[in-house]
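Some notes on the structure that comes next.
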Amino acid sequence: MGRYLGPVCRFCRREGTKLYLKGNRCFSPKCAMEEGRRPDPPGEKHFGRKNASDYKVQLREKQKAKRIYGISERQFSNYFAKANQRVGVTGELLLQFLERRLDNVVYRMGFATSRSHARQLVRHGHFLVNGKKVDIPSFLVKAGMQVEVRESKQKRGPFQEIRGMSSEEVHYKWLDVDFKNLRGTFRDIPRQDDLDQQIQAHLIVEFYSR
């Protein structure tokens, strides 16, 4: 099945929280999750059971994580399988794999307004990793690697707008960003305390461990 191309605000409504899938719109009054808008779940309205089952809670957490990072079911399950095979905390390893994706790193560094925007930029060959062009969004960035905008792409409007940003605007300990030169360094693999607390990884592990 191909990638979903429909409205993504319905995903935020389904999960009952902002997933920040539409860049700047998510921070504006137009966001569907803003008070007075449409925070209710999409689809036909009906009254279901008040207390969600453990399975439903685990499923919704898995779906939320998958939608935040914008990947398919197969990709997500493959990342979990890799994390489960390694020594360590499976949930933490899973999130580390997701954070190391090139499209996510580009987004975290501030070179794109959303992960879908970052994925498009990567596919169009806008970035170099350690001096080599990489156009695969799922490329896993390693500690110490440098990500930069290709010189031939730097004069484009979106990149010119972020040149004046301060590196202090990037609030991730594992990233160093130089907006003036449009480059950043993936310093280290993020640890549990640094990872997105919006995702409860243990529920995802429980879902796959049924």
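Following the order of the structure tokens, first chain is A, next is B, and so on, with residues numbered from 1 inside each chain and ligands from 1 in the order they appear.
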Could you pull the residues within 6 Å of segment 148-164 of chain A, counting only C-alpha atoms, minus those fewer than 5 positions along the same chain, as an mmCIF file with C-alpha atoms, in the first residue's frame?
```cif
data_model
loop_
_atom_site.group_PDB
_atom_site.id
_atom_site.type_symbol
_atom_site.label_atom_id
_atom_site.label_comp_id
_atom_site.auth_asym_id
_atom_site.auth_seq_id
_atom_site.Cartn_x
_atom_site.Cartn_y
_atom_site.Cartn_z
ATOM 1 C CA HIS A 126 18.973 18.703 -0.802
ATOM 2 C CA PHE A 127 21.315 17.241 1.830
ATOM 3 C CA LEU A 128 24.810 15.850 2.219
ATOM 4 C CA PHE A 179 22.258 27.883 10.786
ATOM 5 C CA LYS A 180 24.580 30.418 9.188
ATOM 6 C CA LEU A 182 23.254 25.424 7.084
ATOM 7 C CA ARG A 183 24.872 22.405 8.664
#
```
Hey, which bits of segment 142-195 of chain A sit within 10 Å of segment 91-97 of chain A, and for each residue what's the closest pair of atoms and how far apart in Å (one decimal), counting only C-alpha atoms, rows by chain and increasing number, as CSV?
```
residue,atom,partner,partner_atom,distance
A:Ile189,CA,A:Gln96,CA,6.8
A:Pro190,CA,A:Gln96,CA,6.6
A:Arg191,CA,A:Glu92,CA,7.5
A:Gln192,CA,A:Glu92,CA,5.9
A:Asp193,CA,A:Glu92,CA,9.6
A:Leu195,CA,A:Leu95,CA,7.4
```
**Request:** Identify which of the residues A:Ile199, A:Val105, A:Gly184, A:Arg123 lies closest to Arg67 of chain A, counting only C-alpha atoms when measuring atom-to-atom distances.
**Result:**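 The closest residue to Arg67 of chain A is A:Ile199.
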Could you go through segment 18-204 of chain A and tell me which residues DSSP, when run on the backbone, assigns to alpha helix (DSSP H), listing them as a tab-separated table (two decimals) with C-alpha atoms, in the first residue's frame?
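Ended up saving to out08.tsv:
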```tsv
chain	number	residue	atom	x	y	z
A	54	ASP	CA	-5.28	-2.58	27.46
A	55	TYR	CA	-5.09	-3.66	23.84
A	56	LYS	CA	-6.68	-0.42	22.63
A	57	VAL	CA	-4.36	1.72	24.74
A	58	GLN	CA	-1.32	-0.14	23.40
A	59	LEU	CA	-2.57	0.02	19.81
A	60	ARG	CA	-3.26	3.75	19.99
A	61	GLU	CA	0.25	4.38	21.35
A	62	LYS	CA	1.79	2.39	18.51
A	63	GLN	CA	-0.33	4.22	15.95
A	64	LYS	CA	0.56	7.57	17.49
A	65	ALA	CA	4.31	6.89	17.29
A	66	LYS	CA	4.03	5.60	13.73
A	67	ARG	CA	2.15	8.70	12.64
A	68	ILE	CA	4.47	11.12	14.44
A	69	TYR	CA	7.45	9.77	12.50
A	73	GLU	CA	3.38	-0.25	9.40
A	74	ARG	CA	6.04	-2.49	7.84
A	75	GLN	CA	8.82	0.01	8.52
A	76	PHE	CA	7.68	0.45	12.12
A	77	SER	CA	7.49	-3.29	12.81
A	78	ASN	CA	10.94	-3.74	11.22
A	79	TYR	CA	12.40	-1.12	13.57
A	80	PHE	CA	10.81	-2.90	16.52
A	81	ALA	CA	12.24	-6.26	15.37
A	82	LYS	CA	15.73	-4.73	15.16
A	83	ALA	CA	15.37	-3.12	18.58
A	84	ASN	CA	14.09	-6.36	20.09
A	85	GLN	CA	17.14	-8.25	18.82
A	90	THR	CA	13.68	-2.35	23.67
A	91	GLY	CA	11.47	0.73	23.87
A	92	GLU	CA	14.44	3.07	24.15
A	93	LEU	CA	16.24	1.34	21.27
A	94	LEU	CA	13.10	1.60	19.12
A	95	LEU	CA	12.86	5.37	19.64
A	96	GLN	CA	16.58	5.71	18.95
A	97	PHE	CA	16.15	4.03	15.56
A	98	LEU	CA	13.30	6.42	14.75
A	99	GLU	CA	15.30	9.46	15.87
A	100	ARG	CA	18.27	8.45	13.72
A	102	LEU	CA	17.68	11.25	8.20
A	103	ASP	CA	14.28	12.89	7.62
A	104	ASN	CA	13.78	13.14	11.39
A	105	VAL	CA	17.28	14.53	11.95
A	106	VAL	CA	16.70	17.19	9.27
A	107	TYR	CA	13.43	18.12	10.99
A	108	ARG	CA	14.96	18.18	14.47
A	115	ARG	CA	8.87	15.53	9.04
A	116	SER	CA	6.91	15.22	5.81
A	117	HIS	CA	8.58	18.41	4.57
A	118	ALA	CA	11.97	17.02	5.62
A	119	ARG	CA	11.24	13.75	3.83
A	120	GLN	CA	10.47	15.64	0.62
A	121	LEU	CA	13.67	17.70	0.87
A	122	VAL	CA	15.77	14.59	1.44
A	123	ARG	CA	14.21	12.76	-1.50
A	157	GLY	CA	13.93	30.65	-0.15
A	158	PRO	CA	13.22	28.34	2.80
A	159	PHE	CA	16.91	27.91	3.58
A	160	GLN	CA	17.63	31.64	3.33
A	161	GLU	CA	14.92	32.30	5.90
A	162	ILE	CA	16.55	30.12	8.55
A	201	ALA	CA	7.45	3.25	24.43
A	202	HIS	CA	6.68	0.56	27.02
A	203	LEU	CA	3.10	0.38	25.72
A	204	ILE	CA	4.41	-0.28	22.21
```
**Request:** Point out the residue among A:Asp135, A:Val205, A:Gly110, A:Arg210 with the least atom-to-atom distance to Tyr172 of chain A, counting only C-alpha atoms.
**Result:** A:Gly110
**Request:** Select, from A:Met165, A:Val89, A:Ala143, A:Ala52, the residue with the minimum atom-to-atom distance to Asp188 of chain A, counting only C-alpha atoms.
**Result:**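 Closest to Asp188 of chain A, using only C-alpha atoms: A:Ala143.
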**Asked** What is the atom CA of Lys173 of chain A to atom CA of Phe186 of chain A distance in Å?
**Response**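 Interatomic distance, atom CA of Lys173 of chain A to atom CA of Phe186 of chain A: 9.6 Å.
Note that the spacing between atom CA of Arg187 of chain A and atom CA of Gly144 of chain A amounts to 5.0 Å.
Atom pair atom CA of Ser166 of chain A / atom CA of Gly131 of chain A: separated by 23.4 Å.
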Residues within 8 Å of Thr185 of chain A, only C-alpha atoms, excluding chain neighbours under 5 positions, as a CSV table (one decimal) with C-alpha atoms, in the first residue's frame:
```csv
chain,number,residue,atom,x,y,z
A,144,GLY,CA,29.5,12.2,14.7
A,145,MET,CA,28.0,12.4,11.3
A,146,GLN,CA,27.5,15.9,9.7
A,147,VAL,CA,24.3,16.8,7.8
A,175,LEU,CA,22.4,18.0,18.0
A,176,ASP,CA,24.7,20.9,17.1
A,177,VAL,CA,23.4,23.2,14.4
```
